[in-house]
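So this one's run-v8.txt, compact mmCIF, C-alpha atoms (C1' of nucleotides):
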```
# COMPACT_ATOMS: atom_id res chain seq x y z
CA MET Y 8 25.35 -43.68 80.88
CA ALA Y 9 25.55 -45.85 83.92
CA LEU Y 10 28.64 -47.65 82.72
CA ALA Y 11 30.58 -46.71 79.64
CA ARG Y 12 29.89 -49.45 77.15
CA THR Y 13 31.14 -47.61 74.13
CA GLU Y 14 34.42 -49.52 74.00
CA GLU Y 15 32.52 -52.66 73.05
CA PHE Y 16 31.36 -51.18 69.76
CA LYS Y 17 33.21 -51.13 66.46
CA ARG Y 18 35.89 -48.49 65.98
CA LYS Y 19 34.13 -46.98 62.97
CA GLU Y 20 30.87 -46.62 64.81
CA ILE Y 21 32.58 -44.97 67.75
CA ASP Y 22 34.42 -42.50 65.52
CA LEU Y 23 31.24 -41.62 63.70
CA ALA Y 24 29.39 -41.19 66.99
CA ASP Y 25 32.18 -38.95 68.29
CA PHE Y 26 31.91 -36.68 65.29
CA ALA Y 27 28.15 -36.63 65.62
CA LYS Y 28 28.53 -35.76 69.29
CA ALA Y 29 30.61 -32.75 68.33
CA LEU Y 30 27.76 -31.53 66.12
CA ALA Y 31 25.07 -32.53 68.59
CA HIS Y 32 24.59 -29.04 69.98
CA PRO Y 33 23.49 -26.00 67.95
CA ALA Y 34 26.08 -23.84 69.69
CA ARG Y 35 28.91 -25.97 68.33
CA VAL Y 36 27.37 -26.03 64.87
CA ALA Y 37 27.16 -22.25 65.02
CA ILE Y 38 30.72 -21.96 66.30
CA LEU Y 39 32.07 -24.06 63.45
CA LYS Y 40 30.17 -22.01 60.90
CA THR Y 41 31.44 -18.75 62.36
CA LEU Y 42 34.99 -20.07 62.46
CA ALA Y 43 34.67 -21.04 58.81
CA GLU Y 44 33.34 -17.70 57.61
CA LYS Y 45 35.17 -15.18 59.77
CA LYS Y 46 38.75 -14.14 59.53
CA GLU Y 47 38.82 -13.02 63.10
CA CYS Y 48 38.00 -16.00 65.22
CA ASN Y 49 38.82 -15.12 68.77
CA CYS Y 50 36.63 -16.22 71.60
CA GLY Y 51 35.03 -12.84 72.24
CA ASP Y 52 33.57 -12.65 68.75
CA LEU Y 53 32.02 -16.03 69.21
CA VAL Y 54 30.51 -15.01 72.53
CA LEU Y 55 28.83 -12.02 70.87
CA ASP Y 56 27.31 -14.36 68.28
CA LEU Y 57 25.84 -16.77 70.79
CA PRO Y 58 23.18 -16.53 73.51
CA LEU Y 59 25.57 -18.04 76.02
CA ALA Y 60 27.95 -16.92 78.72
CA GLN Y 61 31.65 -16.62 77.96
CA SER Y 62 32.54 -19.59 80.11
CA THR Y 63 29.99 -21.75 78.35
CA VAL Y 64 31.32 -20.81 74.94
CA SER Y 65 34.81 -21.61 76.14
CA GLN Y 66 33.54 -25.00 77.23
CA HIS Y 67 32.05 -25.73 73.83
CA LEU Y 68 35.31 -24.66 72.22
CA LYS Y 69 37.15 -27.08 74.44
CA ALA Y 70 34.87 -29.89 73.31
CA LEU Y 71 35.67 -29.07 69.69
CA LYS Y 72 39.36 -28.88 70.50
CA ASP Y 73 39.30 -32.20 72.36
CA ILE Y 74 38.02 -34.02 69.32
CA GLY Y 75 40.57 -32.20 67.15
CA LEU Y 76 38.14 -30.27 64.96
CA VAL Y 77 39.41 -26.94 66.19
CA GLN Y 78 42.85 -25.57 66.97
CA GLY Y 79 43.57 -22.71 69.35
CA THR Y 80 46.51 -20.35 69.23
CA ILE Y 81 47.37 -17.71 71.77
CA ASP Y 82 47.35 -14.29 70.17
CA GLY Y 83 48.44 -11.69 72.68
CA PRO Y 84 45.82 -11.31 75.36
CA ARG Y 85 43.29 -13.34 73.40
CA SER Y 86 43.01 -16.76 71.77
CA ARG Y 87 42.51 -17.26 68.11
CA TYR Y 88 40.59 -20.31 66.99
CA CYS Y 89 40.40 -22.05 63.67
CA ILE Y 90 39.12 -25.23 62.15
CA ASP Y 91 41.58 -28.03 61.52
CA TRP Y 92 40.37 -28.81 58.03
CA LYS Y 93 42.34 -32.01 57.76
CA VAL Y 94 40.40 -33.40 60.70
CA PHE Y 95 37.16 -31.90 59.47
CA GLU Y 96 37.57 -33.55 56.08
CA ARG Y 97 38.48 -36.86 57.62
CA TYR Y 98 35.27 -36.88 59.66
CA GLN Y 99 33.32 -35.64 56.68
CA ARG Y 100 34.65 -38.60 54.72
CA TYR Y 101 33.66 -40.99 57.54
CA LEU Y 102 30.18 -39.63 57.48
CA GLY Y 103 29.94 -39.58 53.70
CA ASP Y 104 31.13 -43.17 53.46
CA TRP Y 105 28.63 -44.21 56.07
CA THR Y 106 25.63 -42.50 54.53
CA SER Y 107 26.44 -43.73 51.04
CA LYS Y 108 26.85 -47.26 52.34
CA MET Y 109 23.48 -46.87 54.00
CA MET Y 110 21.92 -45.74 50.76
CA GLU Y 111 23.40 -48.71 48.91
CA LEU Y 112 21.65 -51.04 51.31
CA LYS Y 113 18.38 -49.23 50.98
CA GLN Y 114 16.76 -51.33 48.24
CA ASP Y 115 17.18 -54.50 50.28
CA ASN Y 116 15.15 -53.08 53.12
CA CYS Y 117 12.15 -54.92 54.46
CA CYS Y 118 9.64 -52.05 54.68
CA MET N 1 22.02 -28.37 80.35
CA ALA N 2 21.00 -26.18 83.19
CA LEU N 3 18.38 -24.36 81.19
CA ALA N 4 17.37 -25.28 77.68
CA ARG N 5 18.78 -22.56 75.48
CA THR N 6 18.44 -24.41 72.21
CA GLU N 7 15.35 -22.49 71.15
CA GLU N 8 17.46 -19.38 70.77
CA PHE N 9 19.51 -20.86 67.96
CA LYS N 10 18.71 -20.95 64.27
CA ARG N 11 16.28 -23.59 63.03
CA LYS N 12 18.83 -25.10 60.66
CA GLU N 13 21.41 -25.47 63.39
CA ILE N 14 18.92 -27.11 65.70
CA ASP N 15 17.81 -29.58 63.03
CA LEU N 16 21.38 -30.47 62.24
CA ALA N 17 22.18 -30.89 65.91
CA ASP N 18 19.13 -33.12 66.35
CA PHE N 19 20.27 -35.42 63.57
CA ALA N 20 23.77 -35.45 64.98
CA LYS N 21 22.33 -36.31 68.38
CA ALA N 22 20.63 -39.32 66.87
CA LEU N 23 24.00 -40.54 65.58
CA ALA N 24 25.86 -39.55 68.73
CA HIS N 25 25.90 -43.04 70.19
CA PRO N 26 27.55 -46.07 68.58
CA ALA N 27 24.57 -48.22 69.49
CA ARG N 28 22.25 -46.10 67.38
CA VAL N 29 24.73 -46.05 64.52
CA ALA N 30 24.89 -49.83 64.72
CA ILE N 31 21.13 -50.12 64.92
CA LEU N 32 20.65 -48.02 61.80
CA LYS N 33 23.21 -50.07 59.91
CA THR N 34 21.59 -53.34 60.95
CA LEU N 35 18.16 -52.03 60.01
CA ALA N 36 19.51 -51.07 56.59
CA GLU N 37 21.15 -54.39 55.84
CA LYS N 38 18.79 -56.93 57.38
CA LYS N 39 15.44 -57.99 56.09
CA GLU N 40 14.33 -59.09 59.49
CA CYS N 41 14.49 -56.10 61.75
CA ASN N 42 12.69 -57.00 64.93
CA CYS N 43 13.97 -55.90 68.27
CA GLY N 44 15.34 -59.26 69.37
CA ASP N 45 17.74 -59.44 66.44
CA LEU N 46 19.07 -56.04 67.35
CA VAL N 47 19.56 -57.07 70.96
CA LEU N 48 21.66 -60.04 69.86
CA ASP N 49 23.86 -57.72 67.82
CA LEU N 50 24.52 -55.29 70.63
CA PRO N 51 26.28 -55.52 74.01
CA LEU N 52 23.26 -54.00 75.72
CA ALA N 53 20.21 -55.14 77.60
CA GLN N 54 16.88 -55.46 75.84
CA SER N 55 15.40 -52.48 77.63
CA THR N 56 18.35 -50.31 76.67
CA VAL N 57 18.06 -51.26 73.02
CA SER N 58 14.37 -50.48 73.16
CA GLN N 59 15.25 -47.08 74.58
CA HIS N 60 17.67 -46.35 71.74
CA LEU N 61 15.01 -47.42 69.27
CA LYS N 62 12.60 -45.01 70.87
CA ALA N 63 15.10 -42.19 70.42
CA LEU N 64 15.40 -43.02 66.73
CA LYS N 65 11.62 -43.21 66.44
CA ASP N 66 11.13 -39.89 68.23
CA ILE N 67 13.24 -38.07 65.68
CA GLY N 68 11.45 -39.91 62.87
CA LEU N 69 14.41 -41.83 61.48
CA VAL N 70 12.83 -45.18 62.31
CA GLN N 71 9.34 -46.57 62.05
CA GLY N 72 7.97 -49.41 64.11
CA THR N 73 5.20 -51.80 63.17
CA ILE N 74 3.65 -54.47 65.33
CA ASP N 75 4.16 -57.91 63.84
CA GLY N 76 2.46 -60.53 65.92
CA PRO N 77 4.20 -60.85 69.25
CA ARG N 78 7.16 -58.81 68.06
CA SER N 79 7.85 -55.38 66.60
CA ARG N 80 9.37 -54.87 63.25
CA TYR N 81 11.50 -51.80 62.74
CA CYS N 82 12.62 -50.05 59.60
CA ILE N 83 14.28 -46.87 58.52
CA ASP N 84 12.12 -44.07 57.20
CA TRP N 85 14.28 -43.30 54.20
CA LYS N 86 12.48 -40.10 53.38
CA VAL N 87 13.47 -38.70 56.75
CA PHE N 88 16.93 -40.19 56.49
CA GLU N 89 17.52 -38.55 53.13
CA ARG N 90 16.21 -35.24 54.35
CA TYR N 91 18.68 -35.22 57.22
CA GLN N 92 21.42 -36.45 54.94
CA ARG N 93 20.71 -33.48 52.67
CA TYR N 94 20.83 -31.11 55.65
CA LEU N 95 24.20 -32.47 56.58
CA GLY N 96 25.50 -32.50 53.03
CA ASP N 97 24.44 -28.90 52.46
CA TRP N 98 26.08 -27.88 55.68
CA THR N 99 29.40 -29.59 55.07
CA SER N 100 29.63 -28.35 51.48
CA LYS N 101 28.88 -24.81 52.61
CA MET N 102 31.62 -25.23 55.19
CA MET N 103 34.04 -26.36 52.52
CA GLU N 104 33.19 -23.38 50.34
CA LEU N 105 34.17 -21.06 53.14
CA LYS N 106 37.40 -22.87 53.76
CA GLN N 107 39.76 -20.76 51.60
CA ASP N 108 38.79 -17.61 53.45
CA ASN N 109 39.88 -19.01 56.75
CA CYS N 110 42.42 -17.22 58.88
CA CYS N 111 44.73 -20.11 59.81
C1' DT W 7 -7.05 -71.22 79.63
C1' DT W 8 -2.46 -71.66 80.53
C1' DT W 9 2.06 -71.14 79.05
C1' DA W 10 5.84 -69.23 76.68
C1' DC W 11 7.68 -65.49 74.29
C1' DT W 12 8.53 -60.61 72.71
C1' DT W 13 8.72 -55.98 73.56
C1' DA W 14 7.58 -51.42 75.78
C1' DT W 15 7.61 -49.05 79.83
C1' DC W 16 8.54 -47.98 84.73
C1' DG W 17 11.63 -47.20 88.39
C1' DT W 18 16.04 -46.25 89.58
C1' DA W 19 20.97 -45.35 89.58
C1' DT W 20 24.85 -43.23 87.57
C1' DA W 21 27.43 -40.59 84.22
C1' DA W 22 27.75 -37.00 80.96
C1' DA W 23 26.30 -32.62 79.13
C1' DT W 24 25.02 -27.98 79.72
C1' DA W 25 25.04 -23.58 81.90
C1' DC W 26 26.60 -19.89 84.81
C1' DG W 27 29.28 -17.03 88.16
C1' DA W 28 33.59 -16.41 90.16
C1' DT W 29 38.26 -16.53 89.79
C1' DA W 30 42.97 -17.36 88.17
C1' DT W 31 46.08 -16.45 84.54
C1' DA W 32 48.28 -14.15 81.05
C1' DC W 33 49.06 -10.36 78.23
C1' DG W 34 49.14 -5.41 76.86
C1' DT W 35 48.89 -0.70 78.31
C1' DT W 36 49.64 3.20 81.14
C1' DA C 16 54.40 -1.53 88.90
C1' DA C 17 49.52 -1.06 88.48
C1' DC C 18 45.58 -1.60 85.82
C1' DG C 19 42.45 -3.30 82.34
C1' DT C 20 41.19 -6.86 79.09
C1' DA C 21 40.55 -11.56 77.33
C1' DT C 22 40.14 -16.21 78.20
C1' DA C 23 40.55 -20.77 80.60
C1' DT C 24 39.32 -23.14 84.45
C1' DC C 25 37.01 -24.19 88.85
C1' DG C 26 33.00 -24.98 91.50
C1' DT C 27 28.40 -25.88 91.35
C1' DA C 28 23.62 -26.71 89.91
C1' DT C 29 20.51 -28.75 86.81
C1' DT C 30 19.09 -31.45 82.93
C1' DT C 31 19.72 -35.10 79.84
C1' DA C 32 21.57 -39.49 78.45
C1' DT C 33 22.63 -44.09 79.40
C1' DA C 34 22.00 -48.48 81.48
C1' DC C 35 19.72 -52.22 83.80
C1' DG C 36 16.22 -55.10 86.24
C1' DA C 37 11.51 -55.77 86.90
C1' DT C 38 7.17 -55.71 85.19
C1' DA C 39 3.14 -54.98 82.22
C1' DA C 40 0.96 -55.88 78.01
C1' DG C 41 0.15 -58.28 74.09
C1' DT C 42 0.43 -62.38 70.97
C1' DA C 43 1.02 -67.22 69.67
C1' DA C 44 0.92 -71.84 70.94
C1' DA C 45 -0.14 -75.74 73.99
```
Kindly return the structure encoded in the file as structure tokens.
Amino acid sequence: MALARTEEFKRKEIDLADFAKALAHPARVAILKTLAEKKECNCGDLVLDLPLAQSTVSQHLKALKDIGLVQGTIDGPRSRYCIDWKVFERYQRYLGDWTSKMMELKQDNCC
Amino acid sequence: MALARTEEFKRKEIDLADFAKALAHPARVAILKTLAEKKECNCGDLVLDLPLAQSTVSQHLKALKDIGLVQGTIDGPRSRYCIDWKVFERYQRYLGDWTSKMMELKQDNCC
DNA sequence: TTTACTTATCGTATAAATACGATATACGTT
DNA sequence: AACGTATATCGTATTTATACGATAAGTAAA
């Protein structure tokens, strides 16, 4: 964006958009799924799963960490990643509340 | 992105990411909410609701139209917009399936 | 027809996202 | 200590997203 106008929107809408942004790339969707289903969740495993360079995967992981969805712990020479389910569920609730509110309004729609 | 790598990911992950991309800006979240709750949904009303220029709002509307979430009909000198609820519900189901599958995997997590 | 109004699109500028290679860092191993 | 491995970060290039003003195109009204 030319100038960041996001701060002029409502808090709820910004939070929802932030969560959506985290899911707005198939690599991050795939990373979250792999983190959820694997016991071993170090970076190297994720790199093998994805058609991306190691540095790019690391960058996507950082994006997920920045929003709080993922936690990283140092495990010897490697890093172990996992989903912060408390954060995940909070965002899931945001999204669920939003979509159900949308559905409630549906019958009043003009088209 | 430098080169578009999205076609190498799984269809489901791409679809989910596309929906997330549509919600990845508070303006579009706000637009969808306004479209759901107002009977009059022409562009001008949306512009008044948002801290953005008319052309920018039109651009966001185009993004929502491109993914199919919103339909536009010409109504005299103005355009009337509405949500395509069939598409909305389809994406909602995608997202719901994904999050519930994530939650199922939760107990097997390593952290 | 002329005027006023609404909206889409064009042109443009800037910021953010995406991707990779190279490298620094940190740890374990020999 | 020296080496190998794993990962984060830096630098950089490219694409996409975001934003606005200006304008075109279309409709209604005068």
Which residues of chain Y sit at most 12 Å from chain C, using all atoms listed in the file? Give each one's shortest atom pair and distance in Å (one decimal place), in chain and ascending residue order, as a tab-separated table.
```
residue	atom	partner	partner_atom	distance
Y:Met8	CA	C:DT33	C1'	3.1
Y:Ala9	CA	C:DA34	C1'	5.0
Y:Leu10	CA	C:DA34	C1'	6.8
Y:Ala11	CA	C:DT33	C1'	8.4
Y:Arg12	CA	C:DA34	C1'	9.1
Y:Thr13	CA	C:DT33	C1'	10.6
Y:Asn49	CA	C:DA21	C1'	9.4
Y:Cys50	CA	C:DT22	C1'	7.5
Y:Gly51	CA	C:DA21	C1'	7.6
Y:Asp52	CA	C:DA21	C1'	11.1
Y:Val54	CA	C:DT22	C1'	11.2
Y:Gln61	CA	C:DT22	C1'	8.5
Y:Ser62	CA	C:DA23	C1'	8.1
Y:Thr63	CA	C:DA23	C1'	10.8
Y:Val64	CA	C:DT22	C1'	10.5
Y:Ser65	CA	C:DA23	C1'	7.3
Y:Gln66	CA	C:DA23	C1'	8.9
Y:His67	CA	C:DA23	C1'	11.9
Y:Leu68	CA	C:DA23	C1'	10.6
Y:Lys69	CA	C:DA23	C1'	9.5
Y:Gly79	CA	C:DT22	C1'	11.5
Y:Thr80	CA	C:DT22	C1'	11.8
Y:Ile81	CA	C:DT22	C1'	9.8
Y:Asp82	CA	C:DA21	C1'	10.2
Y:Gly83	CA	C:DA21	C1'	9.2
Y:Pro84	CA	C:DA21	C1'	5.6
Y:Arg85	CA	C:DA21	C1'	5.1
Y:Ser86	CA	C:DT22	C1'	7.1
Y:Arg87	CA	C:DT22	C1'	10.4
Y:Tyr88	CA	C:DT22	C1'	11.9
```
Which residues of chain Y have any atom within 8 Å of an atom in chain N when counting all atoms listed in the file, and what is the closest pair of atoms for each, with the distance in Å to one decimal? Order the rows by chain and rising number and write it as a Markdown table.
```
| residue | atom | partner | partner_atom | distance |
| --- | --- | --- | --- | --- |
| Y:Arg12 | CA | N:Pro51 | CA | 7.7 |
| Y:Thr13 | CA | N:Pro26 | CA | 6.8 |
| Y:Glu15 | CA | N:Pro51 | CA | 6.9 |
| Y:Phe16 | CA | N:Pro26 | CA | 6.5 |
| Y:Lys17 | CA | N:Pro26 | CA | 7.9 |
| Y:Glu20 | CA | N:Pro26 | CA | 5.1 |
| Y:Ile21 | CA | N:Pro26 | CA | 5.2 |
| Y:Leu23 | CA | N:Leu23 | CA | 7.6 |
| Y:Ala24 | CA | N:Ala24 | CA | 4.3 |
| Y:Asp25 | CA | N:Ala24 | CA | 6.4 |
| Y:Phe26 | CA | N:Ala24 | CA | 7.5 |
| Y:Ala27 | CA | N:Ala20 | CA | 4.6 |
| Y:Lys28 | CA | N:Ala24 | CA | 4.7 |
| Y:Leu30 | CA | N:Ala17 | CA | 5.6 |
| Y:Ala31 | CA | N:Ala17 | CA | 4.3 |
| Y:His32 | CA | N:Ala17 | CA | 5.1 |
| Y:Pro33 | CA | N:Glu13 | CA | 5.0 |
| Y:Ala34 | CA | N:Phe9 | CA | 7.4 |
| Y:Val36 | CA | N:Glu13 | CA | 6.2 |
| Y:Ala37 | CA | N:Glu13 | CA | 6.8 |
| Y:Lys40 | CA | N:Met102 | CA | 6.7 |
| Y:Leu42 | CA | N:Asn109 | CA | 7.6 |
| Y:Ala43 | CA | N:Leu105 | CA | 5.7 |
| Y:Glu44 | CA | N:Leu105 | CA | 5.7 |
| Y:Lys45 | CA | N:Asn109 | CA | 6.8 |
| Y:Lys46 | CA | N:Cys110 | CA | 4.8 |
| Y:Glu47 | CA | N:Cys110 | CA | 7.0 |
| Y:Cys48 | CA | N:Cys110 | CA | 7.8 |
| Y:Pro58 | CA | N:Glu8 | CA | 7.0 |
| Y:Cys89 | CA | N:Cys111 | CA | 6.1 |
| Y:Ile90 | CA | N:Cys111 | CA | 7.9 |
| Y:Trp92 | CA | N:Lys106 | CA | 7.9 |
| Y:Gln99 | CA | N:Thr99 | CA | 7.4 |
| Y:Thr106 | CA | N:Gln92 | CA | 7.4 |
| Y:Met109 | CA | N:Ala36 | CA | 6.3 |
| Y:Leu112 | CA | N:Glu37 | CA | 5.7 |
| Y:Lys113 | CA | N:Ala36 | CA | 6.0 |
| Y:Asp115 | CA | N:Glu37 | CA | 6.8 |
| Y:Asn116 | CA | N:Lys39 | CA | 5.7 |
| Y:Cys117 | CA | N:Lys39 | CA | 4.8 |
| Y:Cys118 | CA | N:Cys82 | CA | 6.1 |
```
Give me, as a tab-separated table, each residue of chain W that comes within 9 Å of chain Y, together with its shortest interatomic pair and the distance in Å at one decimal, counting all atoms listed in the file, with rows ordered by chain and rising residue number.
```
residue	atom	partner	partner_atom	distance
W:DA19	C1'	Y:Ala9	CA	7.3
W:DT20	C1'	Y:Ala9	CA	4.5
W:DA21	C1'	Y:Met8	CA	5.0
W:DA22	C1'	Y:Met8	CA	7.1
W:DT24	C1'	Y:Thr63	CA	8.1
W:DA25	C1'	Y:Thr63	CA	6.4
W:DC26	C1'	Y:Ala60	CA	6.9
W:DA32	C1'	Y:Pro84	CA	6.8
W:DC33	C1'	Y:Pro84	CA	4.4
W:DG34	C1'	Y:Pro84	CA	6.9
```
Superimposed copy of chain N on chain Y by least squares over C-alpha atoms, as an mmCIF file with C-alpha atoms, keeping the file's coordinate frame:
```
data_model
loop_
_atom_site.group_PDB
_atom_site.id
_atom_site.type_symbol
_atom_site.label_atom_id
_atom_site.label_comp_id
_atom_site.auth_asym_id
_atom_site.auth_seq_id
_atom_site.Cartn_x
_atom_site.Cartn_y
_atom_site.Cartn_z
ATOM 1 C CA MET N 1 25.377 -43.678 80.860
ATOM 2 C CA ALA N 2 25.527 -45.863 83.878
ATOM 3 C CA LEU N 3 28.611 -47.691 82.726
ATOM 4 C CA ALA N 4 30.595 -46.780 79.657
ATOM 5 C CA ARG N 5 29.878 -49.504 77.148
ATOM 6 C CA THR N 6 31.154 -47.662 74.113
ATOM 7 C CA GLU N 7 34.415 -49.588 73.997
ATOM 8 C CA GLU N 8 32.500 -52.696 73.028
ATOM 9 C CA PHE N 9 31.354 -51.220 69.742
ATOM 10 C CA LYS N 10 33.189 -51.140 66.442
ATOM 11 C CA ARG N 11 35.878 -48.506 65.954
ATOM 12 C CA LYS N 12 34.127 -46.998 62.944
ATOM 13 C CA GLU N 13 30.867 -46.619 64.809
ATOM 14 C CA ILE N 14 32.585 -44.976 67.738
ATOM 15 C CA ASP N 15 34.425 -42.514 65.499
ATOM 16 C CA LEU N 16 31.238 -41.622 63.707
ATOM 17 C CA ALA N 17 29.410 -41.192 66.988
ATOM 18 C CA ASP N 18 32.206 -38.965 68.288
ATOM 19 C CA PHE N 19 31.924 -36.670 65.292
ATOM 20 C CA ALA N 20 28.166 -36.633 65.628
ATOM 21 C CA LYS N 21 28.561 -35.766 69.298
ATOM 22 C CA ALA N 22 30.631 -32.762 68.339
ATOM 23 C CA LEU N 23 27.781 -31.541 66.126
ATOM 24 C CA ALA N 24 25.087 -32.521 68.604
ATOM 25 C CA HIS N 25 24.632 -29.028 69.984
ATOM 26 C CA PRO N 26 23.524 -26.000 67.959
ATOM 27 C CA ALA N 27 26.117 -23.851 69.689
ATOM 28 C CA ARG N 28 28.945 -25.979 68.345
ATOM 29 C CA VAL N 29 27.399 -26.033 64.890
ATOM 30 C CA ALA N 30 27.195 -22.252 65.028
ATOM 31 C CA ILE N 31 30.736 -21.966 66.307
ATOM 32 C CA LEU N 32 32.095 -24.074 63.464
ATOM 33 C CA LYS N 33 30.196 -22.025 60.910
ATOM 34 C CA THR N 34 31.451 -18.755 62.368
ATOM 35 C CA LEU N 35 35.004 -20.071 62.464
ATOM 36 C CA ALA N 36 34.701 -21.037 58.802
ATOM 37 C CA GLU N 37 33.354 -17.717 57.603
ATOM 38 C CA LYS N 38 35.172 -15.176 59.755
ATOM 39 C CA LYS N 39 38.754 -14.123 59.489
ATOM 40 C CA GLU N 40 38.833 -13.016 63.062
ATOM 41 C CA CYS N 41 38.020 -16.001 65.185
ATOM 42 C CA ASN N 42 38.824 -15.096 68.748
ATOM 43 C CA CYS N 43 36.629 -16.186 71.576
ATOM 44 C CA GLY N 44 35.006 -12.822 72.226
ATOM 45 C CA ASP N 45 33.557 -12.646 68.726
ATOM 46 C CA LEU N 46 32.015 -16.042 69.218
ATOM 47 C CA VAL N 47 30.502 -15.003 72.530
ATOM 48 C CA LEU N 48 28.816 -12.034 70.863
ATOM 49 C CA ASP N 49 27.297 -14.356 68.278
ATOM 50 C CA LEU N 50 25.847 -16.779 70.781
ATOM 51 C CA PRO N 51 23.184 -16.539 73.506
ATOM 52 C CA LEU N 52 25.577 -18.058 76.020
ATOM 53 C CA ALA N 53 27.954 -16.917 78.701
ATOM 54 C CA GLN N 54 31.651 -16.605 77.980
ATOM 55 C CA SER N 55 32.544 -19.583 80.128
ATOM 56 C CA THR N 56 29.995 -21.751 78.359
ATOM 57 C CA VAL N 57 31.331 -20.810 74.947
ATOM 58 C CA SER N 58 34.821 -21.594 76.151
ATOM 59 C CA GLN N 59 33.561 -24.990 77.262
ATOM 60 C CA HIS N 60 32.066 -25.724 73.844
ATOM 61 C CA LEU N 61 35.329 -24.663 72.248
ATOM 62 C CA LYS N 62 37.168 -27.072 74.482
ATOM 63 C CA ALA N 63 34.901 -29.890 73.333
ATOM 64 C CA LEU N 64 35.684 -29.068 69.713
ATOM 65 C CA LYS N 65 39.386 -28.883 70.530
ATOM 66 C CA ASP N 66 39.331 -32.199 72.391
ATOM 67 C CA ILE N 67 38.047 -34.023 69.343
ATOM 68 C CA GLY N 68 40.577 -32.192 67.168
ATOM 69 C CA LEU N 69 38.150 -30.272 64.977
ATOM 70 C CA VAL N 70 39.428 -26.921 66.222
ATOM 71 C CA GLN N 71 42.846 -25.536 66.982
ATOM 72 C CA GLY N 72 43.566 -22.693 69.345
ATOM 73 C CA THR N 73 46.493 -20.308 69.243
ATOM 74 C CA ILE N 74 47.356 -17.635 71.754
ATOM 75 C CA ASP N 75 47.306 -14.198 70.173
ATOM 76 C CA GLY N 76 48.335 -11.575 72.652
ATOM 77 C CA PRO N 77 45.706 -11.245 75.334
ATOM 78 C CA ARG N 78 43.214 -13.285 73.342
ATOM 79 C CA SER N 79 42.970 -16.717 71.751
ATOM 80 C CA ARG N 80 42.484 -17.233 68.106
ATOM 81 C CA TYR N 81 40.588 -20.302 67.006
ATOM 82 C CA CYS N 82 40.422 -22.058 63.680
ATOM 83 C CA ILE N 83 39.140 -25.239 62.172
ATOM 84 C CA ASP N 84 41.585 -28.044 61.539
ATOM 85 C CA TRP N 85 40.385 -28.819 58.044
ATOM 86 C CA LYS N 86 42.340 -32.023 57.786
ATOM 87 C CA VAL N 87 40.414 -33.414 60.728
ATOM 88 C CA PHE N 88 37.180 -31.920 59.474
ATOM 89 C CA GLU N 89 37.585 -33.568 56.090
ATOM 90 C CA ARG N 90 38.480 -36.876 57.644
ATOM 91 C CA TYR N 91 35.285 -36.887 59.675
ATOM 92 C CA GLN N 92 33.325 -35.659 56.697
ATOM 93 C CA ARG N 93 34.656 -38.635 54.736
ATOM 94 C CA TYR N 94 33.674 -40.998 57.558
ATOM 95 C CA LEU N 95 30.182 -39.632 57.469
ATOM 96 C CA GLY N 96 29.965 -39.609 53.695
ATOM 97 C CA ASP N 97 31.139 -43.211 53.463
ATOM 98 C CA TRP N 98 28.635 -44.222 56.072
ATOM 99 C CA THR N 99 25.637 -42.509 54.524
ATOM 100 C CA SER N 100 26.454 -43.758 51.023
ATOM 101 C CA LYS N 101 26.838 -47.296 52.329
ATOM 102 C CA MET N 102 23.469 -46.866 54.004
ATOM 103 C CA MET N 103 21.928 -45.740 50.745
ATOM 104 C CA GLU N 104 23.368 -48.726 48.911
ATOM 105 C CA LEU N 105 21.615 -51.038 51.311
ATOM 106 C CA LYS N 106 18.347 -49.223 50.966
ATOM 107 C CA GLN N 107 16.710 -51.336 48.219
ATOM 108 C CA ASP N 108 17.097 -54.482 50.277
ATOM 109 C CA ASN N 109 15.100 -53.073 53.117
ATOM 110 C CA CYS N 110 12.049 -54.855 54.423
ATOM 111 C CA CYS N 111 9.574 -51.961 54.639
#
```
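Counting from atom CA of Y:Ala70, the distance to atom CA of N:Leu64 is 24.4 Å.
Here atom CA of N:Val70 is placed at a distance of 13.2 Å from atom CA of N:Arg90.
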Can you sort out the box for stretch 17-36 of chain C, edges along x, y and z, all listed atoms in, 6 Å on every side, with centre and edge lengths in Å to one decimal, as lines of an AutoDock Vina configuration file?
```
center_x = 32.9
center_y = -28.1
center_z = 84.4
size_x = 45.3
size_y = 66.0
size_z = 26.2
```
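Take atom C1' of W:DA14 and atom CA of N:Ile67: the distance between them is 17.7 Å.
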